[in-house]
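Novice: Okay, so here is start.tsv, and as you'll see once you scroll down, it has TSV, C-alpha atoms.
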chain	number	residue	atom	x	y	z
A	1	MET	CA	0.00	0.00	0.00
A	2	ILE	CA	2.80	2.42	0.85
A	3	GLN	CA	4.68	1.44	-2.26
A	4	ARG	CA	1.64	2.04	-4.40
A	5	GLY	CA	1.23	5.46	-2.74
A	6	ARG	CA	4.84	6.36	-3.46
A	7	VAL	CA	4.52	5.42	-7.09
A	8	PHE	CA	1.37	7.51	-7.41
A	9	SER	CA	2.92	10.58	-5.70
A	10	PHE	CA	6.08	10.42	-7.80
A	11	SER	CA	4.10	10.09	-11.01
A	12	PHE	CA	1.88	13.02	-10.04
A	13	VAL	CA	4.93	15.24	-9.44
A	14	LEU	CA	6.35	14.36	-12.86
A	15	ILE	CA	3.07	15.18	-14.58
A	16	PHE	CA	2.79	18.47	-12.69
A	17	LEU	CA	6.35	19.54	-13.59
A	18	LEU	CA	5.79	18.60	-17.22
A	19	ALA	CA	2.64	20.71	-17.27
A	20	VAL	CA	4.54	23.67	-15.83
A	21	VAL	CA	7.29	23.35	-18.44
A	22	LEU	CA	4.79	23.15	-21.28
A	23	ALA	CA	2.88	26.11	-19.94
A	24	GLY	CA	6.10	28.11	-19.74
A	25	CYS	CA	6.98	27.23	-23.32
A	26	GLY	CA	3.50	28.24	-24.47
A	27	GLY	CA	3.84	31.65	-22.81
A	28	ASN	CA	6.80	32.45	-25.05
A	29	ASN	CA	5.00	31.54	-28.30
A	30	ASN	CA	3.87	34.14	-30.84
A	31	ALA	CA	0.37	34.82	-32.20
A	32	ALA	CA	0.63	32.04	-34.73
A	33	SER	CA	1.24	29.62	-31.91
A	34	ASN	CA	-1.75	31.00	-30.04
A	35	ALA	CA	-3.88	30.45	-33.08
A	36	ASN	CA	-2.82	26.83	-33.17
A	37	ALA	CA	-3.74	26.59	-29.52
A	38	THR	CA	-7.30	27.67	-30.25
A	39	GLU	CA	-7.58	24.84	-32.76
A	40	ALA	CA	-6.44	22.22	-30.26
A	41	PRO	CA	-9.83	21.62	-28.62
A	42	ALA	CA	-11.31	20.50	-31.93
A	43	ALA	CA	-8.47	18.05	-32.46
A	44	ASN	CA	-8.81	16.76	-28.90
A	45	ALA	CA	-12.54	16.32	-29.34
A	46	ALA	CA	-11.93	14.21	-32.41
A	47	THR	CA	-9.49	11.93	-30.63
A	48	GLU	CA	-11.62	11.63	-27.49
A	49	ALA	CA	-14.89	10.84	-29.26
A	50	PRO	CA	-14.33	7.07	-29.53
A	51	ALA	CA	-13.47	6.87	-25.82
A	52	ALA	CA	-16.95	8.11	-24.94
A	53	THR	CA	-18.46	4.93	-26.41
A	54	THR	CA	-15.92	2.57	-24.84
A	55	GLU	CA	-16.99	0.64	-21.71
A	56	PRO	CA	-14.63	1.29	-18.75
A	57	ALA	CA	-12.57	-1.71	-17.66
A	58	ALA	CA	-13.97	-3.56	-14.63
A	59	LYS	CA	-12.20	-2.54	-11.45
A	60	LYS	CA	-10.24	-5.41	-9.96
A	61	PRO	CA	-10.67	-5.86	-6.21
A	62	THR	CA	-7.86	-5.33	-3.76
A	63	VAL	CA	-7.06	-8.55	-1.91
A	64	ALA	CA	-5.16	-9.32	1.30
A	65	PHE	CA	-4.17	-12.47	3.20
A	66	VAL	CA	-3.37	-12.95	6.90
A	67	TYR	CA	-0.89	-15.77	7.63
A	68	ILE	CA	-0.20	-17.56	10.90
A	69	GLY	CA	3.45	-18.18	9.94
A	70	PRO	CA	5.99	-17.32	7.25
A	71	PRO	CA	5.37	-18.68	3.73
A	72	GLY	CA	8.73	-20.48	3.84
A	73	ASP	CA	9.17	-23.50	1.59
A	74	GLY	CA	6.73	-25.98	3.11
A	75	GLY	CA	3.76	-26.46	5.40
A	76	TYR	CA	0.36	-24.87	5.91
A	77	THR	CA	1.20	-21.22	5.26
A	78	TYR	CA	3.36	-22.16	2.29
A	79	GLN	CA	0.41	-23.89	0.66
A	80	HIS	CA	-1.83	-20.86	1.22
A	81	ASP	CA	0.83	-18.66	-0.33
A	82	GLN	CA	1.08	-20.95	-3.33
A	83	GLY	CA	-2.69	-20.53	-3.67
A	84	ARG	CA	-2.31	-16.75	-3.53
A	85	LEU	CA	0.31	-16.82	-6.27
A	86	TYR	CA	-1.92	-19.05	-8.40
A	87	MET	CA	-4.82	-16.61	-7.97
A	88	GLU	CA	-2.61	-13.65	-8.89
A	89	LYS	CA	-1.50	-15.39	-12.08
A	90	GLU	CA	-5.00	-16.49	-13.10
A	91	LEU	CA	-6.76	-13.18	-12.40
A	92	GLY	CA	-3.98	-10.65	-12.88
A	93	ILE	CA	-4.33	-9.35	-9.33
A	94	LYS	CA	-1.47	-8.50	-7.02
A	95	ALA	CA	-2.48	-9.38	-3.46
A	96	ASP	CA	-0.95	-8.19	-0.19
A	97	PHE	CA	-0.21	-10.43	2.78
A	98	VAL	CA	0.90	-10.14	6.40
A	99	GLU	CA	2.81	-13.08	7.88
A	100	ASN	CA	3.49	-14.28	11.43
A	101	VAL	CA	0.25	-12.84	12.79
A	102	PRO	CA	-0.47	-14.30	16.25
A	103	GLU	CA	-3.90	-15.65	17.13
A	104	SER	CA	-4.44	-12.83	19.61
A	105	ALA	CA	-5.91	-9.35	19.82
A	106	ASP	CA	-3.06	-8.23	17.57
A	107	ALA	CA	-4.75	-10.16	14.76
A	108	GLU	CA	-7.85	-8.00	15.05
A	109	ARG	CA	-5.73	-4.87	14.73
A	110	ILE	CA	-4.03	-6.15	11.60
A	111	ILE	CA	-7.27	-7.38	10.02
A	112	THR	CA	-8.82	-3.97	10.74
A	113	GLU	CA	-5.93	-2.17	9.02
A	114	LEU	CA	-6.26	-4.41	5.98
A	115	ALA	CA	-10.03	-3.91	5.83
A	116	GLN	CA	-9.50	-0.16	5.54
A	117	SER	CA	-7.75	-0.52	2.18
A	118	HIS	CA	-8.88	-3.87	0.70
A	119	ASP	CA	-12.08	-5.27	-0.79
A	120	ILE	CA	-11.38	-8.89	0.18
A	121	VAL	CA	-9.54	-10.27	3.21
A	122	PHE	CA	-8.65	-13.96	3.66
A	123	THR	CA	-7.74	-14.97	7.22
A	124	THR	CA	-6.10	-18.37	7.12
A	125	SER	CA	-5.97	-19.81	10.65
A	126	PHE	CA	-8.64	-21.10	13.03
A	127	GLY	CA	-7.68	-18.71	15.84
A	128	TYR	CA	-8.55	-15.69	13.70
A	129	MET	CA	-12.25	-16.59	13.64
A	130	ASP	CA	-13.67	-14.26	16.30
A	131	PHE	CA	-11.32	-11.44	15.35
A	132	THR	CA	-12.38	-11.72	11.71
A	133	LEU	CA	-16.04	-11.67	12.70
A	134	ASN	CA	-15.52	-8.57	14.85
A	135	VAL	CA	-13.90	-6.70	11.99
A	136	ALA	CA	-16.49	-7.91	9.46
A	137	LYS	CA	-19.22	-6.25	11.52
A	138	LYS	CA	-17.38	-2.92	11.29
A	139	PHE	CA	-16.74	-3.11	7.52
A	140	PRO	CA	-19.96	-4.32	5.84
A	141	ASN	CA	-18.67	-3.50	2.34
A	142	VAL	CA	-15.59	-5.71	2.66
A	143	LYS	CA	-15.77	-9.45	1.98
A	144	PHE	CA	-14.07	-11.69	4.54
A	145	MET	CA	-13.24	-15.39	4.13
A	146	HIS	CA	-11.98	-17.35	7.13
A	147	ALA	CA	-10.22	-20.71	6.82
A	148	SER	CA	-11.28	-23.61	9.05
A	149	GLY	CA	-13.80	-21.75	11.19
A	150	TYR	CA	-17.56	-22.08	11.57
A	151	LYS	CA	-18.83	-18.55	12.27
A	152	THR	CA	-20.27	-16.50	9.43
A	153	SER	CA	-22.05	-13.20	8.80
A	154	GLU	CA	-23.56	-11.49	5.79
A	155	ASN	CA	-20.11	-10.41	4.55
A	156	MET	CA	-18.05	-13.24	6.07
A	157	GLY	CA	-17.84	-16.83	4.85
A	158	THR	CA	-15.70	-19.81	5.77
A	159	TYR	CA	-13.68	-22.28	3.72
A	160	PHE	CA	-11.76	-25.44	4.42
A	161	GLY	CA	-11.56	-28.95	3.08
A	162	LYS	CA	-11.94	-32.60	3.97
A	163	ASN	CA	-8.24	-33.11	4.60
A	164	TYR	CA	-9.21	-36.16	6.64
A	165	GLU	CA	-9.57	-37.93	3.28
A	166	GLY	CA	-5.82	-37.52	2.83
A	167	SER	CA	-5.21	-38.63	6.41
A	168	TYR	CA	-7.22	-41.81	5.81
A	169	LEU	CA	-5.09	-42.67	2.76
A	170	THR	CA	-1.90	-41.92	4.68
A	171	GLY	CA	-3.11	-44.31	7.38
A	172	ILE	CA	-3.41	-47.07	4.78
A	173	ALA	CA	0.20	-46.52	3.71
A	174	ALA	CA	1.41	-46.39	7.31
A	175	ALA	CA	-0.32	-49.66	8.22
A	176	LYS	CA	1.33	-51.42	5.29
A	177	MET	CA	4.78	-50.10	6.24
A	178	THR	CA	4.78	-50.86	9.99
A	179	LYS	CA	6.58	-53.96	11.20
A	180	ASN	CA	5.19	-54.07	14.74
A	181	ASN	CA	1.69	-52.57	14.32
A	182	GLN	CA	2.66	-49.50	16.36
A	183	LEU	CA	2.05	-46.12	14.74
A	184	GLY	CA	2.63	-42.71	16.27
A	185	TYR	CA	0.82	-39.40	15.77
A	186	VAL	CA	2.30	-36.05	16.77
A	187	GLY	CA	-0.85	-33.98	17.29
A	188	ALA	CA	-0.77	-30.20	17.21
A	189	PHE	CA	-3.65	-28.86	19.34
A	190	PRO	CA	-6.49	-31.04	20.69
A	191	ILE	CA	-9.09	-29.26	18.54
A	192	SER	CA	-11.64	-30.96	16.32
A	193	GLU	CA	-9.60	-30.39	13.15
A	194	VAL	CA	-6.66	-32.38	14.50
A	195	ILE	CA	-8.88	-34.93	16.24
A	196	TYR	CA	-10.80	-35.92	13.13
A	197	ASN	CA	-7.56	-36.18	11.14
A	198	LEU	CA	-6.04	-38.43	13.81
A	199	ASN	CA	-9.20	-40.55	13.74
A	200	ALA	CA	-9.21	-40.75	9.95
A	201	PHE	CA	-5.54	-41.78	9.94
A	202	THR	CA	-6.37	-44.55	12.42
A	203	LEU	CA	-9.43	-45.76	10.50
A	204	GLY	CA	-7.43	-45.86	7.28
A	205	ALA	CA	-4.74	-47.92	8.96
A	206	GLN	CA	-7.29	-50.29	10.49
A	207	SER	CA	-9.00	-50.79	7.13
A	208	VAL	CA	-5.99	-52.82	5.96
A	209	ASN	CA	-4.57	-53.93	9.32
A	210	PRO	CA	-7.08	-54.28	12.20
A	211	ASP	CA	-4.28	-54.94	14.71
A	212	VAL	CA	-2.73	-51.49	14.31
A	213	LYS	CA	-2.57	-49.17	17.34
A	214	VAL	CA	-1.89	-45.43	17.17
A	215	SER	CA	-0.28	-43.56	20.06
A	216	VAL	CA	-0.79	-39.77	20.15
A	217	VAL	CA	1.29	-37.04	21.80
A	218	TRP	CA	0.00	-33.45	21.84
A	219	THR	CA	2.50	-30.62	21.37
A	220	ASN	CA	0.19	-27.57	21.48
A	221	THR	CA	2.20	-26.12	18.61
A	222	TRP	CA	1.78	-25.42	14.92
A	223	TYR	CA	5.48	-24.83	14.38
A	224	ASP	CA	8.05	-25.56	17.04
A	225	PRO	CA	10.72	-27.97	15.77
A	226	THR	CA	12.26	-28.57	19.20
A	227	THR	CA	8.99	-29.51	20.90
A	228	GLU	CA	7.80	-31.56	17.93
A	229	ARG	CA	11.09	-33.45	17.75
A	230	GLN	CA	10.82	-34.35	21.43
A	231	ALA	CA	7.28	-35.63	20.90
A	232	ALA	CA	8.40	-37.73	17.94
A	233	ILE	CA	11.28	-39.24	19.90
A	234	SER	CA	8.92	-40.16	22.76
A	235	LEU	CA	6.73	-42.07	20.30
A	236	LEU	CA	9.73	-43.81	18.75
A	237	ASP	CA	10.92	-44.78	22.23
A	238	LYS	CA	7.52	-46.42	22.83
A	239	GLY	CA	8.05	-48.61	19.76
A	240	ALA	CA	6.26	-46.72	16.97
A	241	ASP	CA	8.00	-47.31	13.66
A	242	VAL	CA	5.82	-45.09	11.44
A	243	LEU	CA	4.87	-41.55	12.45
A	244	LEU	CA	2.59	-38.82	11.16
A	245	ALA	CA	2.70	-35.21	12.35
A	246	TYR	CA	0.11	-32.44	12.13
A	247	GLN	CA	2.54	-29.51	12.18
A	248	ASP	CA	4.42	-27.44	9.63
A	249	SER	CA	7.94	-28.39	10.68
A	250	PRO	CA	9.84	-31.42	9.35
A	251	ALA	CA	11.08	-32.26	12.86
A	252	THR	CA	9.06	-35.47	13.18
A	253	LEU	CA	10.23	-36.75	9.81
A	254	GLN	CA	13.86	-35.98	10.61
A	255	ALA	CA	13.67	-37.66	14.01
A	256	ALA	CA	12.13	-40.77	12.42
A	257	ALA	CA	14.81	-40.88	9.73
A	258	GLU	CA	17.54	-40.92	12.40
A	259	ARG	CA	15.95	-44.10	13.79
A	260	GLY	CA	15.34	-45.72	10.42
A	261	ALA	CA	11.57	-45.25	10.74
A	262	PHE	CA	9.08	-43.89	8.23
A	263	ALA	CA	7.11	-40.67	8.71
A	264	GLY	CA	4.99	-38.06	7.04
A	265	GLY	CA	4.21	-34.45	7.81
A	266	ASN	CA	1.25	-32.31	6.94
A	267	ASP	CA	-0.10	-29.75	4.47
A	268	SER	CA	2.64	-29.96	1.81
A	269	ASP	CA	5.17	-32.35	0.28
A	270	MET	CA	8.00	-32.78	2.81
A	271	SER	CA	9.90	-35.53	1.04
A	272	LYS	CA	13.03	-33.41	0.55
A	273	TYR	CA	13.81	-33.54	4.27
A	274	ALA	CA	14.27	-37.34	4.33
A	275	PRO	CA	13.37	-38.85	0.94
A	276	ASP	CA	14.28	-42.42	1.89
A	277	ASN	CA	12.18	-42.33	5.09
A	278	TYR	CA	9.26	-40.34	3.75
A	279	LEU	CA	5.83	-41.93	3.56
A	280	THR	CA	3.33	-39.36	2.25
A	281	ASN	CA	0.84	-37.01	3.92
A	282	PRO	CA	-2.25	-34.91	3.19
A	283	VAL	CA	-1.64	-31.77	1.13
A	284	TRP	CA	-3.70	-28.68	0.32
A	285	ASN	CA	-4.30	-27.05	-3.05
A	286	TRP	CA	-5.91	-23.68	-2.27
A	287	GLY	CA	-5.40	-21.98	-5.64
A	288	PRO	CA	-8.64	-22.95	-7.44
A	289	TYR	CA	-10.74	-21.87	-4.46
A	290	TYR	CA	-9.02	-18.49	-4.25
A	291	VAL	CA	-9.66	-17.92	-7.94
A	292	LYS	CA	-13.30	-18.93	-7.53
A	293	ALA	CA	-13.86	-16.71	-4.49
A	294	VAL	CA	-12.23	-13.58	-5.91
A	295	GLN	CA	-13.88	-14.06	-9.30
A	296	SER	CA	-17.28	-14.27	-7.61
A	297	VAL	CA	-16.64	-10.89	-5.97
A	298	MET	CA	-15.66	-9.45	-9.35
A	299	ASP	CA	-18.82	-10.90	-10.92
A	300	GLY	CA	-21.05	-9.67	-8.13
A	301	THR	CA	-22.17	-13.22	-7.31
A	302	TRP	CA	-20.31	-13.68	-4.01
A	303	LYS	CA	-22.37	-14.81	-1.05
A	304	SER	CA	-21.54	-15.89	2.46
A	305	GLU	CA	-21.16	-19.67	2.62
A	306	GLN	CA	-19.33	-22.47	4.40
A	307	TYR	CA	-17.27	-24.00	1.61
A	308	SER	CA	-15.77	-27.45	2.06
A	309	GLY	CA	-13.42	-28.74	-0.62
A	310	ASP	CA	-12.36	-32.35	-1.07
A	311	MET	CA	-10.48	-34.76	-3.30
A	312	THR	CA	-13.18	-34.47	-5.95
A	313	ASP	CA	-12.61	-30.76	-6.55
A	314	GLY	CA	-8.86	-31.06	-6.03
A	315	MET	CA	-8.52	-29.01	-2.84
A	316	ILE	CA	-7.30	-32.14	-1.02
A	317	ASP	CA	-4.68	-34.65	-2.13
A	318	ILE	CA	-1.72	-36.59	-0.79
A	319	ALA	CA	1.93	-35.85	-1.49
A	320	PRO	CA	4.02	-38.06	-3.80
A	321	PHE	CA	5.24	-41.18	-2.03
A	322	GLY	CA	8.76	-41.46	-0.63
A	323	ASN	CA	11.52	-43.30	-2.44
A	324	LYS	CA	11.14	-46.56	-0.52
A	325	VAL	CA	7.37	-46.98	-0.48
A	326	PRO	CA	6.72	-50.19	-2.48
A	327	ASP	CA	4.55	-50.21	-5.59
A	328	ASP	CA	1.96	-52.53	-4.03
A	329	VAL	CA	1.41	-50.01	-1.20
A	330	LYS	CA	1.07	-47.17	-3.69
A	331	LYS	CA	-1.44	-49.21	-5.68
A	332	LEU	CA	-3.54	-49.95	-2.60
A	333	VAL	CA	-3.65	-46.27	-1.65
A	334	GLU	CA	-4.50	-45.16	-5.18
A	335	GLU	CA	-7.39	-47.64	-5.31
A	336	ALA	CA	-8.81	-46.22	-2.09
A	337	LYS	CA	-8.32	-42.69	-3.40
A	338	ALA	CA	-10.32	-43.52	-6.52
A	339	LYS	CA	-13.15	-44.84	-4.34
A	340	ILE	CA	-13.18	-41.63	-2.29
A	341	ILE	CA	-13.37	-39.50	-5.43
A	342	SER	CA	-16.15	-41.64	-6.91
A	343	GLY	CA	-18.14	-41.50	-3.68
A	344	ASP	CA	-17.91	-45.25	-3.03
A	345	LEU	CA	-15.81	-44.72	0.10
A	346	ASP	CA	-16.72	-42.37	2.95
A	347	VAL	CA	-14.09	-42.15	5.67
A	348	PHE	CA	-16.51	-41.97	8.60
A	349	THR	CA	-18.89	-44.83	7.77
A	350	GLY	CA	-19.94	-47.11	10.65
A	351	PRO	CA	-19.55	-49.17	12.56
A	352	ILE	CA	-17.19	-46.90	14.50
A	353	SER	CA	-16.57	-47.01	18.25
A	354	ASP	CA	-14.55	-44.65	20.40
A	355	ASN	CA	-11.52	-45.80	22.37
A	356	ALA	CA	-13.68	-46.24	25.47
A	357	GLY	CA	-15.84	-48.84	23.69
A	358	ASN	CA	-18.89	-46.68	22.96
A	359	VAL	CA	-20.52	-47.05	19.55
A	360	LYS	CA	-20.41	-43.65	17.87
A	361	VAL	CA	-21.53	-44.52	14.35
A	362	GLN	CA	-23.88	-47.42	13.68
A	363	GLU	CA	-23.10	-49.89	10.90
A	364	GLY	CA	-24.05	-48.45	7.52
A	365	GLN	CA	-24.47	-44.92	8.91
A	366	LYS	CA	-22.22	-41.98	8.02
A	367	LEU	CA	-21.25	-38.95	10.02
A	368	THR	CA	-22.46	-35.67	8.55
A	369	LEU	CA	-19.88	-33.00	7.82
A	370	GLU	CA	-21.20	-31.02	10.78
A	371	GLU	CA	-20.66	-34.03	13.06
A	372	VAL	CA	-17.14	-34.51	11.74
A	373	LEU	CA	-16.26	-30.86	12.31
A	374	ALA	CA	-17.50	-31.06	15.90
A	375	MET	CA	-15.67	-34.33	16.69
A	376	ASN	CA	-14.38	-34.47	20.28
A	377	TRP	CA	-13.74	-38.20	20.74
A	378	LEU	CA	-11.05	-40.67	19.67
A	379	VAL	CA	-11.74	-43.83	17.68
A	380	LYS	CA	-11.00	-47.31	18.92
A	381	GLY	CA	-7.32	-48.06	18.40
A	382	VAL	CA	-6.05	-44.64	19.45
A	383	GLU	CA	-3.98	-44.84	22.62
A	384	GLY	CA	-4.24	-41.50	24.35
A	385	THR	CA	-6.73	-38.93	25.53
A	386	ILE	CA	-7.98	-35.49	24.59
A	387	PRO	CA	-6.67	-32.93	27.12
A	388	GLN	CA	-9.42	-30.92	28.76
Would you encode the structure as structure tokens?
Specialist:
Amino acid sequence: MIQRGRVFSFSFVLIFLLAVVLAGCGGNNNAASNANATEAPAANAATEAPAATTEPAAKKPTVAFVYIGPPGDGGYTYQHDQGRLYMEKELGIKADFVENVPESADAERIITELAQSHDIVFTTSFGYMDFTLNVAKKFPNVKFMHASGYKTSENMGTYFGKNYEGSYLTGIAAAKMTKNNQLGYVGAFPISEVIYNLNAFTLGAQSVNPDVKVSVVWTNTWYDPTTERQAAISLLDKGADVLLAYQDSPATLQAAAERGAFAGGNDSDMSKYAPDNYLTNPVWNWGPYYVKAVQSVMDGTWKSEQYSGDMTDGMIDIAPFGNKVPDDVKKLVEEAKAKIISGDLDVFTGPISDNAGNVKVQEGQKLTLEEVLAMNWLVKGVEGTIPQ
């Protein structure tokens, strides 16, 4: 915004000085020159006439993003930033972004500042939900889209995706790669988003190996390599030989590689950190949604909604497999993926019990999306609890 302002001010000064110079030159002209000057309006009218019948170009909206971390070269924020770049390329719009915004009152200040100079604001982390809603009420002419939340207003919608589909497929791969039926899960925060991904990972594993157990350790971090490494090591010490982590750092994968174990991360392809010990993991593809959302504002068709993408529309996928994942495992995962896309496989189809033995989903029944998003229980086979 400041840079745009500087460009505008500098250009204005140049135009003003040029006008002064031309005016000075005109003042020194003779009568013949003045005569020519009186003819100029007619010439200008002739050149301007076609412009009067030309439709003005549609004004492109100003767009801003709020990031929980730095874009970096991997992880959750990186994938959002890749989506932003895709949108810019497709629509010819240069968007602004603010990174490393904490999920605190400071977020509301930053979102407010962005709302003062932008038509569309995307807030990309769950903890921004209430702050986004507060600002949306103050700026009714600005469109707000909040990732992973559930609160909406007339000018605020939500968007996320069924990343648990990717977690389910990763669970299948993990269950085929374990040698002792012990898997480990490095959970971020004990919120529903992480809980239903942990559950989906476990159900995917159990679909091909009913004897699999999954131990979970909570880190209460989104990105803290030291804490996440310690959690991974504790799971490896308990005997887990395949790990999955729900954070942006590669710490879990690196710790597993040092022990000769397999692991996956979250949100983006992390194979470069330990290609021979990499499994796969769920990944996001935000670009098409960002194009769709911004285009709808440009078209005047935008409306507040709770958008949920999936493998069918391409928002959700899994990363390419690591170097040492066998072809038969890849084939098994790809077959399950095809069933998810076709609608023949729903991750949360009963019978499903929690890890206390209570039936949560009857045989043949399916959880609704609303029930999945509100999940606060762990499936049978998960060893651990949800901190209160």
Novice: What separation in Å, quoted to one decimal, exists between atom CA of A:Ala95 and atom CA of A:Gln295?
Specialist: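 Going from atom CA of A:Ala95 over to atom CA of A:Gln295, I get 13.6 Å.
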Novice: For stretch 241-243 of chain A, work out the shell of residues within 10 Å, counting only C-alpha atoms and skipping chain neighbours fewer than 2 positions away, then give it as a PyMOL selection string.
Specialist: chain A and resi 171+173-186+214-216+232+235-239+245+252-253+255-256+259-265+277-279
Novice: For A:Phe122, which residue out of A:Ser268, A:Lys162, A:Asn199, A:Tyr290 is the nearest one, using only C-alpha atoms?
Specialist: A:Tyr290
Novice: Residues near A:Leu367, anyone? I mean within 8 Å using only C-alpha atoms, not counting same-chain ones fewer than 6 positions away, as a ChimeraX atom specification.
Specialist: /A:348-349,361
Novice: Kindly provide, as a ChimeraX atom specification, the polymer residues lying within 10 Å of (-3.8, -20.8, -4.5), counting only C-alpha atoms and using the coordinates exactly as they appear in the file.
Specialist: /A:78-90,284-291,315
Novice: Mind giving me the straight-line distance from atom CA of A:Ile318 to atom CA of A:Thr280 in Å, one decimal?
Specialist: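 Separation of atom CA of A:Ile318 and atom CA of A:Thr280: 6.5 Å.
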Novice: Could you give me, as a list of chain:residue names, the residues within 10 Å of A:Met298, counting all atoms listed in the file and dropping anything in the same chain fewer than 4 positions from it?
Specialist: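 Answer for this query is A:Ala58, A:Lys59, A:Lys60, A:Pro61, A:Lys292, A:Ala293, A:Val294, A:Trp302.
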Novice: Report, in Å to a single decimal, how far apart atom CA of A:Leu373 and atom CA of A:Ala147 are.
Specialist: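 Separation of atom CA of A:Ala147 and atom CA of A:Leu373: 13.0 Å.
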Novice: Which is closer to A:Met145 than all the others in A:Ile93, A:Ala107, A:Ala274, A:Val297, using only C-alpha atoms?
Specialist: A:Val297
Novice: Give me the residues near A:Phe131 as a ChimeraX atom specification, where near means some atom within 9 Å (using all atoms listed in the file) and where sequence neighbours in that chain fewer than 4 positions away do not count.
Specialist: /A:103-105,107-109,111,127,135-136
